[in-house]
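Q: Dropping in model_36.cif, which is mmCIF, C-alpha atoms and all ligand atoms:
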data_query
loop_
_atom_site.group_PDB
_atom_site.id
_atom_site.type_symbol
_atom_site.label_atom_id
_atom_site.label_comp_id
_atom_site.auth_asym_id
_atom_site.auth_seq_id
_atom_site.Cartn_x
_atom_site.Cartn_y
_atom_site.Cartn_z
ATOM 1 C CA MET A 1 116.642 120.859 22.275
ATOM 2 C CA GLN A 2 115.836 122.324 18.856
ATOM 3 C CA THR A 3 112.464 124.090 18.834
ATOM 4 C CA THR A 4 110.149 123.573 15.884
ATOM 5 C CA ILE A 5 107.788 126.139 14.425
ATOM 6 C CA ARG A 6 104.218 125.215 15.337
ATOM 7 C CA HIS A 7 100.843 126.577 14.344
ATOM 8 C CA ASN A 8 98.625 124.350 16.471
ATOM 9 C CA TRP A 9 99.118 125.818 19.929
ATOM 10 C CA THR A 10 96.323 125.225 22.427
ATOM 11 C CA LEU A 11 95.268 127.739 25.054
ATOM 12 C CA GLU A 12 96.369 125.306 27.775
ATOM 13 C CA GLU A 13 99.847 124.988 26.287
ATOM 14 C CA ILE A 14 100.267 128.739 26.011
ATOM 15 C CA GLU A 15 98.938 129.234 29.529
ATOM 16 C CA GLY A 16 101.471 126.664 30.764
ATOM 17 C CA ILE A 17 104.257 128.748 29.195
ATOM 18 C CA TYR A 18 102.898 132.129 30.332
ATOM 19 C CA LYS A 19 102.630 130.928 33.930
ATOM 20 C CA LEU A 20 106.076 129.354 34.223
ATOM 21 C CA PRO A 21 108.167 130.718 37.091
ATOM 22 C CA LEU A 22 109.463 134.009 35.718
ATOM 23 C CA LEU A 23 113.161 133.154 35.645
ATOM 24 C CA GLU A 24 112.474 129.802 33.979
ATOM 25 C CA LEU A 25 110.201 131.502 31.429
ATOM 26 C CA THR A 26 112.843 134.096 30.626
ATOM 27 C CA TYR A 27 115.538 131.424 30.364
ATOM 28 C CA GLN A 28 113.436 129.326 27.968
ATOM 29 C CA ALA A 29 112.557 132.371 25.862
ATOM 30 C CA ALA A 30 116.198 133.483 25.737
ATOM 31 C CA SER A 31 117.185 129.961 24.640
ATOM 32 C CA VAL A 32 114.619 129.914 21.819
ATOM 33 C CA HIS A 33 115.725 133.438 20.894
ATOM 34 C CA ARG A 34 119.295 132.185 20.434
ATOM 35 C CA GLN A 35 118.166 129.377 18.123
ATOM 36 C CA PHE A 36 116.259 131.623 15.743
ATOM 37 C CA GLN A 37 117.491 135.198 16.146
ATOM 38 C CA ASP A 38 120.747 137.041 16.582
ATOM 39 C CA PRO A 39 120.582 137.979 20.279
ATOM 40 C CA GLY A 40 123.090 140.798 19.773
ATOM 41 C CA LYS A 41 120.858 142.763 17.424
ATOM 42 C CA ILE A 42 117.853 145.013 17.782
ATOM 43 C CA GLN A 43 115.828 146.328 14.857
ATOM 44 C CA LEU A 44 115.296 150.085 15.014
ATOM 45 C CA CYS A 45 112.055 151.313 13.477
ATOM 46 C CA THR A 46 110.869 154.854 13.092
ATOM 47 C CA LEU A 47 107.176 155.556 13.167
ATOM 48 C CA LEU A 48 105.815 158.726 11.655
ATOM 49 C CA SER A 49 102.237 159.847 11.995
ATOM 50 C CA ILE A 50 101.362 161.018 8.500
ATOM 51 C CA LYS A 51 97.785 161.896 9.487
ATOM 52 C CA THR A 52 96.953 162.506 13.114
ATOM 53 C CA GLY A 53 93.698 162.476 15.062
ATOM 54 C CA GLY A 54 90.111 162.919 13.927
ATOM 55 C CA CYS A 55 89.564 159.173 13.655
ATOM 56 C CA PRO A 56 85.933 158.012 13.624
ATOM 57 C CA GLU A 57 86.687 154.795 15.538
ATOM 58 C CA ASP A 58 86.177 154.498 19.299
ATOM 59 C CA CYS A 59 89.226 152.499 20.452
ATOM 60 C CA SER A 60 89.031 153.329 24.143
ATOM 61 C CA TYR A 61 92.806 153.625 24.621
ATOM 62 C CA CYS A 62 93.411 155.980 21.709
ATOM 63 C CA GLY A 63 93.923 159.714 21.885
ATOM 64 C CA GLN A 64 93.322 160.010 18.140
ATOM 65 C CA ALA A 65 89.643 159.053 18.287
ATOM 66 C CA ALA A 66 87.668 162.178 17.384
ATOM 67 C CA ARG A 67 85.011 161.482 20.004
ATOM 68 C CA TYR A 68 87.337 161.855 23.017
ATOM 69 C CA HIS A 69 88.424 165.220 24.348
ATOM 70 C CA THR A 70 92.188 164.897 24.326
ATOM 71 C CA ASP A 71 95.018 167.370 23.795
ATOM 72 C CA ILE A 72 96.041 165.724 20.524
ATOM 73 C CA LYS A 73 96.626 168.178 17.695
ATOM 74 C CA VAL A 74 94.740 167.066 14.598
ATOM 75 C CA GLN A 75 96.973 167.040 11.521
ATOM 76 C CA ALA A 76 95.859 166.438 7.921
ATOM 77 C CA LEU A 77 97.870 164.118 5.659
ATOM 78 C CA LEU A 78 101.465 165.394 5.508
ATOM 79 C CA PRO A 79 103.003 166.465 2.184
ATOM 80 C CA THR A 80 104.901 163.644 0.445
ATOM 81 C CA GLU A 81 108.208 165.590 0.387
ATOM 82 C CA GLU A 82 108.067 166.098 4.134
ATOM 83 C CA VAL A 83 107.539 162.374 4.725
ATOM 84 C CA ILE A 84 110.475 161.457 2.468
ATOM 85 C CA ALA A 85 112.692 163.991 4.269
ATOM 86 C CA GLN A 86 111.750 162.446 7.649
ATOM 87 C CA ALA A 87 112.494 158.972 6.298
ATOM 88 C CA LYS A 88 115.967 160.128 5.175
ATOM 89 C CA LYS A 89 116.613 161.503 8.644
ATOM 90 C CA ALA A 90 115.534 158.228 10.241
ATOM 91 C CA GLN A 91 117.839 156.300 7.922
ATOM 92 C CA GLU A 92 120.776 158.536 8.837
ATOM 93 C CA GLY A 93 120.006 157.770 12.480
ATOM 94 C CA GLY A 94 120.309 154.033 11.856
ATOM 95 C CA SER A 95 116.672 153.025 11.330
ATOM 96 C CA THR A 96 116.162 150.194 8.892
ATOM 97 C CA ARG A 97 112.383 150.308 8.885
ATOM 98 C CA PHE A 98 110.190 153.352 8.387
ATOM 99 C CA CYS A 99 106.529 153.058 9.365
ATOM 100 C CA MET A 100 103.868 155.522 8.330
ATOM 101 C CA ALA A 101 100.658 155.713 10.314
ATOM 102 C CA ALA A 102 97.392 157.366 9.364
ATOM 103 C CA ALA A 103 94.480 157.598 11.800
ATOM 104 C CA TRP A 104 91.904 156.274 9.369
ATOM 105 C CA ARG A 105 89.149 153.737 9.930
ATOM 106 C CA GLU A 106 89.912 152.250 6.546
ATOM 107 C CA VAL A 107 91.676 153.129 3.341
ATOM 108 C CA ARG A 108 89.471 154.792 0.733
ATOM 109 C CA ASP A 109 90.256 154.788 -2.965
ATOM 110 C CA ASN A 110 90.784 158.517 -3.189
ATOM 111 C CA ARG A 111 93.551 161.098 -3.680
ATOM 112 C CA ASP A 112 94.850 160.637 -0.153
ATOM 113 C CA PHE A 113 95.511 156.984 -0.894
ATOM 114 C CA ASP A 114 97.288 158.000 -4.123
ATOM 115 C CA ARG A 115 99.496 160.251 -2.011
ATOM 116 C CA VAL A 116 100.286 157.418 0.408
ATOM 117 C CA ILE A 117 101.250 155.261 -2.583
ATOM 118 C CA ALA A 118 103.680 158.007 -3.672
ATOM 119 C CA MET A 119 105.128 158.102 -0.131
ATOM 120 C CA VAL A 120 105.627 154.330 -0.107
ATOM 121 C CA LYS A 121 107.437 154.507 -3.461
ATOM 122 C CA GLY A 122 109.628 157.392 -2.292
ATOM 123 C CA VAL A 123 110.658 155.798 1.012
ATOM 124 C CA ASN A 124 111.234 152.453 -0.677
ATOM 125 C CA LYS A 125 113.587 154.155 -3.138
ATOM 126 C CA LEU A 126 115.761 155.262 -0.213
ATOM 127 C CA GLY A 127 116.403 151.613 0.572
ATOM 128 C CA LEU A 128 114.392 151.536 3.791
ATOM 129 C CA GLU A 129 111.878 148.820 4.603
ATOM 130 C CA VAL A 130 108.518 150.540 4.335
ATOM 131 C CA CYS A 131 105.649 149.746 6.648
ATOM 132 C CA CYS A 132 102.203 151.336 6.863
ATOM 133 C CA THR A 133 99.320 151.281 9.257
ATOM 134 C CA LEU A 134 96.273 152.839 7.656
ATOM 135 C CA GLY A 135 93.299 150.925 9.058
ATOM 136 C CA MET A 136 91.246 148.365 7.207
ATOM 137 C CA LEU A 137 92.297 147.424 3.678
ATOM 138 C CA SER A 138 90.631 145.642 0.778
ATOM 139 C CA GLU A 139 92.457 142.993 -1.226
ATOM 140 C CA GLN A 140 92.896 145.430 -4.137
ATOM 141 C CA GLN A 141 94.314 148.159 -1.907
ATOM 142 C CA ALA A 142 96.764 145.693 -0.388
ATOM 143 C CA LEU A 143 97.925 144.764 -3.889
ATOM 144 C CA ARG A 144 98.427 148.422 -4.806
ATOM 145 C CA LEU A 145 100.563 148.947 -1.724
ATOM 146 C CA LYS A 146 102.581 145.850 -2.535
ATOM 147 C CA GLU A 147 103.225 147.079 -6.087
ATOM 148 C CA ALA A 148 104.401 150.406 -4.667
ATOM 149 C CA GLY A 149 107.047 148.548 -2.648
ATOM 150 C CA LEU A 150 105.382 148.152 0.747
ATOM 151 C CA LYS A 151 107.226 145.592 2.819
ATOM 152 C CA ALA A 152 104.992 145.313 5.873
ATOM 153 C CA TYR A 153 101.569 146.336 7.095
ATOM 154 C CA ASN A 154 100.665 146.825 10.724
ATOM 155 C CA HIS A 155 97.201 145.902 11.884
ATOM 156 C CA ASN A 156 97.110 144.973 15.554
ATOM 157 C CA LEU A 157 94.598 142.581 17.017
ATOM 158 C CA ASP A 158 94.819 144.752 20.150
ATOM 159 C CA VAL A 159 93.128 142.245 22.482
ATOM 160 C CA SER A 160 91.462 138.833 22.531
ATOM 161 C CA GLU A 161 88.385 138.153 20.454
ATOM 162 C CA SER A 162 86.160 137.896 23.540
ATOM 163 C CA TYR A 163 87.393 141.147 25.104
ATOM 164 C CA TYR A 164 87.420 143.094 21.840
ATOM 165 C CA LYS A 165 83.928 144.591 22.211
ATOM 166 C CA GLU A 166 84.873 146.007 25.631
ATOM 167 C CA VAL A 167 87.571 148.084 23.984
ATOM 168 C CA ILE A 168 86.215 148.927 20.520
ATOM 169 C CA SER A 169 82.615 148.938 19.340
ATOM 170 C CA THR A 170 82.951 150.479 15.887
ATOM 171 C CA ARG A 171 84.448 147.427 14.193
ATOM 172 C CA LYS A 172 84.715 143.732 14.769
ATOM 173 C CA PHE A 173 87.574 141.418 15.588
ATOM 174 C CA ASP A 174 86.780 139.476 12.405
ATOM 175 C CA GLU A 175 87.345 142.606 10.339
ATOM 176 C CA ARG A 176 90.846 142.808 11.816
ATOM 177 C CA LEU A 177 91.503 139.251 10.727
ATOM 178 C CA GLN A 178 90.145 139.950 7.263
ATOM 179 C CA THR A 179 92.533 142.850 6.685
ATOM 180 C CA ILE A 180 95.419 140.686 7.890
ATOM 181 C CA GLN A 181 94.373 138.051 5.342
ATOM 182 C CA HIS A 182 94.308 140.630 2.544
ATOM 183 C CA VAL A 183 97.788 141.789 3.522
ATOM 184 C CA ARG A 184 99.110 138.235 3.646
ATOM 185 C CA LYS A 185 97.514 137.356 0.297
ATOM 186 C CA ALA A 186 99.153 140.369 -1.358
ATOM 187 C CA GLY A 187 102.574 139.092 -0.253
ATOM 188 C CA ILE A 188 103.151 141.858 2.296
ATOM 189 C CA SER A 189 104.687 141.001 5.682
ATOM 190 C CA VAL A 190 102.234 141.052 8.542
ATOM 191 C CA CYS A 191 102.913 143.093 11.663
ATOM 192 C CA SER A 192 100.260 142.399 14.269
ATOM 193 C CA GLY A 193 100.283 142.378 18.023
ATOM 194 C CA GLY A 194 98.433 143.797 20.940
ATOM 195 C CA ILE A 195 98.210 146.041 23.929
ATOM 196 C CA ILE A 196 98.128 145.009 27.551
ATOM 197 C CA GLY A 197 96.731 147.069 30.389
ATOM 198 C CA LEU A 198 93.270 147.589 28.863
ATOM 199 C CA GLY A 199 91.519 145.781 31.694
ATOM 200 C CA GLU A 200 91.867 142.348 30.100
ATOM 201 C CA THR A 201 92.593 139.168 32.070
ATOM 202 C CA TYR A 202 95.737 137.132 31.564
ATOM 203 C CA ARG A 203 93.545 134.612 29.721
ATOM 204 C CA ASP A 204 92.634 137.329 27.200
ATOM 205 C CA ARG A 205 96.331 137.921 26.641
ATOM 206 C CA ILE A 206 96.935 134.244 26.066
ATOM 207 C CA SER A 207 93.977 134.040 23.708
ATOM 208 C CA MET A 208 95.297 136.973 21.661
ATOM 209 C CA LEU A 209 98.730 135.356 21.421
ATOM 210 C CA ARG A 210 97.074 132.099 20.373
ATOM 211 C CA THR A 211 95.229 133.836 17.506
ATOM 212 C CA LEU A 212 98.581 135.094 16.226
ATOM 213 C CA ALA A 213 100.489 131.856 16.801
ATOM 214 C CA THR A 214 97.889 129.685 15.067
ATOM 215 C CA MET A 215 97.862 131.704 11.837
ATOM 216 C CA ASP A 216 99.038 129.644 8.839
ATOM 217 C CA THR A 217 102.093 131.877 8.751
ATOM 218 C CA HIS A 218 103.076 133.660 11.942
ATOM 219 C CA PRO A 219 103.170 137.449 11.649
ATOM 220 C CA GLU A 220 106.699 138.514 10.723
ATOM 221 C CA SER A 221 106.527 141.011 13.549
ATOM 222 C CA VAL A 222 104.488 141.180 16.727
ATOM 223 C CA PRO A 223 104.448 144.460 18.644
ATOM 224 C CA ILE A 224 103.738 144.116 22.350
ATOM 225 C CA ASN A 225 102.470 147.390 23.754
ATOM 226 C CA ALA A 226 101.805 148.463 27.316
ATOM 227 C CA LEU A 227 98.946 150.925 27.530
ATOM 228 C CA ALA A 228 100.265 154.469 27.346
ATOM 229 C CA SER A 229 97.251 156.151 28.880
ATOM 230 C CA VAL A 230 96.042 159.346 27.262
ATOM 231 C CA LYS A 231 94.133 161.974 29.228
ATOM 232 C CA GLY A 232 90.586 162.293 27.955
ATOM 233 C CA THR A 233 90.220 158.666 26.844
ATOM 234 C CA PRO A 234 88.033 156.164 28.725
ATOM 235 C CA LEU A 235 91.138 154.279 29.877
ATOM 236 C CA GLU A 236 93.066 157.313 31.119
ATOM 237 C CA ASN A 237 93.073 156.069 34.719
ATOM 238 C CA ASN A 238 94.046 152.458 34.083
ATOM 239 C CA PRO A 239 96.954 151.400 36.271
ATOM 240 C CA LYS A 240 100.460 151.107 34.844
ATOM 241 C CA VAL A 241 101.263 147.673 33.427
ATOM 242 C CA PRO A 242 103.692 145.828 35.725
ATOM 243 C CA LEU A 243 107.038 145.042 34.107
ATOM 244 C CA TRP A 244 106.640 141.348 34.823
ATOM 245 C CA ASP A 245 103.454 141.241 32.750
ATOM 246 C CA MET A 246 105.375 142.695 29.800
ATOM 247 C CA VAL A 247 108.180 140.201 30.308
ATOM 248 C CA ARG A 248 105.700 137.319 30.411
ATOM 249 C CA MET A 249 103.986 138.504 27.212
ATOM 250 C CA ILE A 250 107.242 139.001 25.333
ATOM 251 C CA ALA A 251 108.749 135.714 26.486
ATOM 252 C CA THR A 252 105.597 133.769 25.629
ATOM 253 C CA ALA A 253 105.394 135.392 22.190
ATOM 254 C CA ARG A 254 109.074 134.558 21.612
ATOM 255 C CA ILE A 255 108.608 130.881 22.543
ATOM 256 C CA ILE A 256 105.478 130.259 20.474
ATOM 257 C CA MET A 257 106.583 132.363 17.454
ATOM 258 C CA PRO A 258 110.366 131.862 17.389
ATOM 259 C CA LYS A 259 111.060 133.416 13.976
ATOM 260 C CA THR A 260 108.974 136.518 14.564
ATOM 261 C CA ILE A 261 110.428 139.894 15.391
ATOM 262 C CA VAL A 262 108.944 140.796 18.763
ATOM 263 C CA ARG A 263 108.738 144.540 19.121
ATOM 264 C CA LEU A 264 108.828 146.236 22.497
ATOM 265 C CA SER A 265 106.530 149.109 21.595
ATOM 266 C CA ALA A 266 104.407 151.558 23.590
ATOM 267 C CA GLY A 267 105.130 151.960 27.283
ATOM 268 C CA ARG A 268 108.939 152.068 27.030
ATOM 269 C CA VAL A 269 109.085 155.623 28.294
ATOM 270 C CA GLU A 270 107.780 154.412 31.652
ATOM 271 C CA MET A 271 110.492 151.757 31.873
ATOM 272 C CA THR A 272 113.955 152.051 33.330
ATOM 273 C CA ASP A 273 116.946 150.852 31.314
ATOM 274 C CA GLU A 274 117.059 147.735 33.475
ATOM 275 C CA GLU A 275 113.408 146.987 32.752
ATOM 276 C CA GLN A 276 113.957 147.335 29.016
ATOM 277 C CA ALA A 277 116.976 145.042 29.313
ATOM 278 C CA TRP A 278 114.687 142.409 30.866
ATOM 279 C CA CYS A 279 112.394 142.680 27.861
ATOM 280 C CA PHE A 280 115.349 142.184 25.473
ATOM 281 C CA MET A 281 116.456 139.201 27.529
ATOM 282 C CA ALA A 282 112.937 137.777 27.205
ATOM 283 C CA GLY A 283 113.198 137.938 23.418
ATOM 284 C CA ALA A 284 112.183 141.407 22.283
ATOM 285 C CA ASN A 285 114.375 142.385 19.332
ATOM 286 C CA SER A 286 112.896 145.550 17.944
ATOM 287 C CA ILE A 287 111.966 149.024 19.186
ATOM 288 C CA PHE A 288 110.501 152.203 17.800
ATOM 289 C CA THR A 289 112.873 155.095 18.083
ATOM 290 C CA GLY A 290 113.424 158.501 16.497
ATOM 291 C CA GLU A 291 114.343 162.126 16.956
ATOM 292 C CA GLU A 292 110.794 163.116 17.842
ATOM 293 C CA ALA A 293 110.709 161.064 21.072
ATOM 294 C CA THR A 294 107.051 160.269 20.459
ATOM 295 C CA LEU A 295 105.233 157.156 19.390
ATOM 296 C CA LEU A 296 102.352 158.577 17.368
ATOM 297 C CA VAL A 297 100.773 160.706 20.077
ATOM 298 C CA THR A 298 102.378 159.329 23.238
ATOM 299 C CA PRO A 299 105.892 159.928 24.602
ATOM 300 C CA ASN A 300 108.770 157.597 23.721
ATOM 301 C CA PRO A 301 112.378 157.582 24.963
ATOM 302 C CA THR A 302 114.690 159.999 23.159
ATOM 303 C CA PHE A 303 116.812 158.653 20.314
ATOM 304 C CA ASN A 304 119.997 159.456 22.231
ATOM 305 C CA ALA A 305 118.750 157.558 25.279
ATOM 306 C CA ASP A 306 118.006 154.549 23.070
ATOM 307 C CA ILE A 307 121.436 154.570 21.453
ATOM 308 C CA LYS A 308 123.076 154.940 24.866
ATOM 309 C CA LEU A 309 121.080 151.985 26.187
ATOM 310 C CA LEU A 310 121.946 149.788 23.195
ATOM 311 C CA ASN A 311 125.614 150.681 23.598
ATOM 312 C CA THR A 312 125.519 149.914 27.314
ATOM 313 C CA LEU A 313 123.973 146.525 26.607
ATOM 314 C CA GLY A 314 126.309 145.816 23.692
ATOM 315 C CA LEU A 315 123.436 145.550 21.241
ATOM 316 C CA GLU A 316 123.642 146.575 17.583
ATOM 317 C CA ALA A 317 120.984 147.905 15.229
ATOM 318 C CA TYR A 318 119.304 144.984 13.490
ATOM 319 C CA SER A 319 118.997 144.946 9.754
ATOM 320 C CA VAL A 320 116.709 142.529 7.938
HETATM 321 S S1 LIG B 401 93.655 153.116 17.330
HETATM 322 FE FE1 LIG B 401 93.599 153.641 15.162
HETATM 323 S S2 LIG B 401 91.517 153.087 14.540
HETATM 324 FE FE2 LIG B 401 91.470 153.201 16.784
HETATM 325 S S3 LIG B 401 90.810 155.319 17.213
HETATM 326 FE FE3 LIG B 401 93.065 155.290 17.206
HETATM 327 S S4 LIG B 401 93.629 155.892 15.131
HETATM 328 FE FE4 LIG B 401 91.479 155.265 15.073
#
So, in terms of structure tokens, how does the structure I just supplied come out?
Ligand code: SF4

A:
Amino acid sequence: MQTTIRHNWTLEEIEGIYKLPLLELTYQAASVHRQFQDPGKIQLCTLLSIKTGGCPEDCSYCGQAARYHTDIKVQALLPTEEVIAQAKKAQEGGSTRFCMAAAWREVRDNRDFDRVIAMVKGVNKLGLEVCCTLGMLSEQQALRLKEAGLKAYNHNLDVSESYYKEVISTRKFDERLQTIQHVRKAGISVCSGGIIGLGETYRDRISMLRTLATMDTHPESVPINALASVKGTPLENNPKVPLWDMVRMIATARIIMPKTIVRLSAGRVEMTDEEQAWCFMAGANSIFTGEEATLLVTPNPTFNADIKLLNTLGLEAYSV
């Protein structure tokens, strides 16, 4: 049966999908995946932290929040040439998307933003898809990024609207949505997903997925992260997310947003190859990888391990 793209999902419908018997859920997700995506391909993205730590926000999972005592090394905005050199390296390794992340609350119209604009132009010139995650953005700032050649902007919802205040108190869920609207209006692709393992219920997960799947246009990519706990943060002792919860999230996202790239993001380092293969079977078709073997400030599998896994599974790097 051909699946249609819908934007009117109800919580009950999504819950019905999320709670299907696991093998049936995976089978349905894999079937939808085959209608809308090339199941033999995985998009490789490289994420570089261009400014690390010292963030004024209080996201309780994040080692970059200045208020928590973590081992994260604070790093000012990197020089433009260094960023371009890293992007070249990522491209040589097979990455098709290069994401630059700055631990800012919001973008300010200052010299640092001018430097980020120069980075976007430089990476774009290499022929890579450029993505940024810089915090909250105004409409004007989104337009400037678009003009510089930005392809996508990441701004995760993180959790459901009702659980949001339990995780972050320094900004509101609505502000997240507003930035996403500014990005969309500027004609930039939206990358927005969430994190599981923050103490939320499965209903919170479903609610977060519903917010994404009822947007007028589904985000072009949806990262699904498992909490990578960081020592010194309020959530450092949260239990590891069970694999089956990740599989359920990925499969549900795949079924309700068939055209979206679903990115298996943080938490991969804790997974075996077999567990990652389950996630690909459930419809994940993108990963972060790179020489540094880190995802911002948490560990990630090594690049060689990723390539070996893709080869074992007969998967190819995905190019969009
Ligand atoms: S998740 Fe982003 S906004 Fe929140 S504390 Fe970390 S760097 Fe700051």

Q: On this file, the PyMOL selection byres (((not hetatm)) within 6 of (chain B and resi 401)) gives some set of residues; write that set as a list in words.

A: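 Going through the file, the PyMOL selection byres (((not hetatm)) within 6 of (chain B and resi 401)) ends up selecting Cys55, Glu57, Asp58, Cys59, Cys62, Gln64, Ala65, Ala103, Trp104 and Arg105 of chain A.
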
Q: Quick one: distance from CA of Ile307 in chain A to CA of Ile196 in chain A in Å, one decimal?

A: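 Those two atoms sit 25.9 Å apart.
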
Q: Let me have the centre and edge lengths in Å, one decimal, of the box along x, y and z around every listed atom of range 130-133 of chain A with 6 Å of margin on each side, as lines of an AutoDock Vina configuration file.

A:
center_x = 103.9
center_y = 150.5
center_z = 6.8
size_x = 21.2
size_y = 13.6
size_z = 16.9

Q: Evaluating the PyMOL selection byres (((chain A and resi 95-101) around 6) and not hetatm) on the displayed file yields which residues, as a PDB file with C-alpha atoms, keeping the file's coordinate frame?

A:
ATOM      1  CA  LEU A  44     115.296 150.085  15.014  1.00  0.00           C
ATOM      2  CA  CYS A  45     112.055 151.313  13.477  1.00  0.00           C
ATOM      3  CA  THR A  46     110.869 154.854  13.092  1.00  0.00           C
ATOM      4  CA  LEU A  47     107.176 155.556  13.167  1.00  0.00           C
ATOM      5  CA  LEU A  48     105.815 158.726  11.655  1.00  0.00           C
ATOM      6  CA  SER A  49     102.237 159.847  11.995  1.00  0.00           C
ATOM      7  CA  ILE A  50     101.362 161.018   8.500  1.00  0.00           C
ATOM      8  CA  ALA A  90     115.534 158.228  10.241  1.00  0.00           C
ATOM      9  CA  GLN A  91     117.839 156.300   7.922  1.00  0.00           C
ATOM     10  CA  GLY A  93     120.006 157.770  12.480  1.00  0.00           C
ATOM     11  CA  GLY A  94     120.309 154.033  11.856  1.00  0.00           C
ATOM     12  CA  ALA A 102      97.392 157.366   9.364  1.00  0.00           C
ATOM     13  CA  LEU A 128     114.392 151.536   3.791  1.00  0.00           C
ATOM     14  CA  GLU A 129     111.878 148.820   4.603  1.00  0.00           C
ATOM     15  CA  VAL A 130     108.518 150.540   4.335  1.00  0.00           C
ATOM     16  CA  CYS A 131     105.649 149.746   6.648  1.00  0.00           C
ATOM     17  CA  CYS A 132     102.203 151.336   6.863  1.00  0.00           C
ATOM     18  CA  THR A 133      99.320 151.281   9.257  1.00  0.00           C
ATOM     19  CA  LEU A 134      96.273 152.839   7.656  1.00  0.00           C
TER      20      LEU A 134
END

Q: Excluding same-chain residues fewer than 4 positions from Asp216 in chain A, what lies within 10 Å of it counting all atoms listed in the file, as a CSV table (one decimal) with C-alpha atoms, keeping the file's coordinate frame?

A:
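The resulting result-v8.csv:
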chain,number,residue,atom,x,y,z
A,6,ARG,CA,104.2,125.2,15.3
A,7,HIS,CA,100.8,126.6,14.3
A,8,ASN,CA,98.6,124.4,16.5
A,212,LEU,CA,98.6,135.1,16.2

Q: To one decimal place in Å, what is the distance between CA of Gly199 in chain A and CA of Leu295 in chain A?

A: 21.7 Å

Q: Rounded to one decimal, what separation in Å do you get between CA of Leu177 in chain A and CA of Thr217 in chain A?

A: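 Straight-line distance from CA of Leu177 in chain A to CA of Thr217 in chain A works out to 13.1 Å.
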
Q: Once the PyMOL selection byres (((chain A and resi 117) around 10) and not hetatm) has been evaluated on this model, what residues remain selected, and can you format them as number ranges by chain?

A: A: 80, 111-116, 118-122, 141, 144-150

Q: Would you kindly return, as a list in words, each protein, DNA or RNA residue with an atom no farther than 9 Å from any atom of Lys172 in chain A, considering only C-alpha atoms and excluding same-chain residues fewer than 5 positions away?

A: Glu161, Tyr164 and Lys165 of chain A
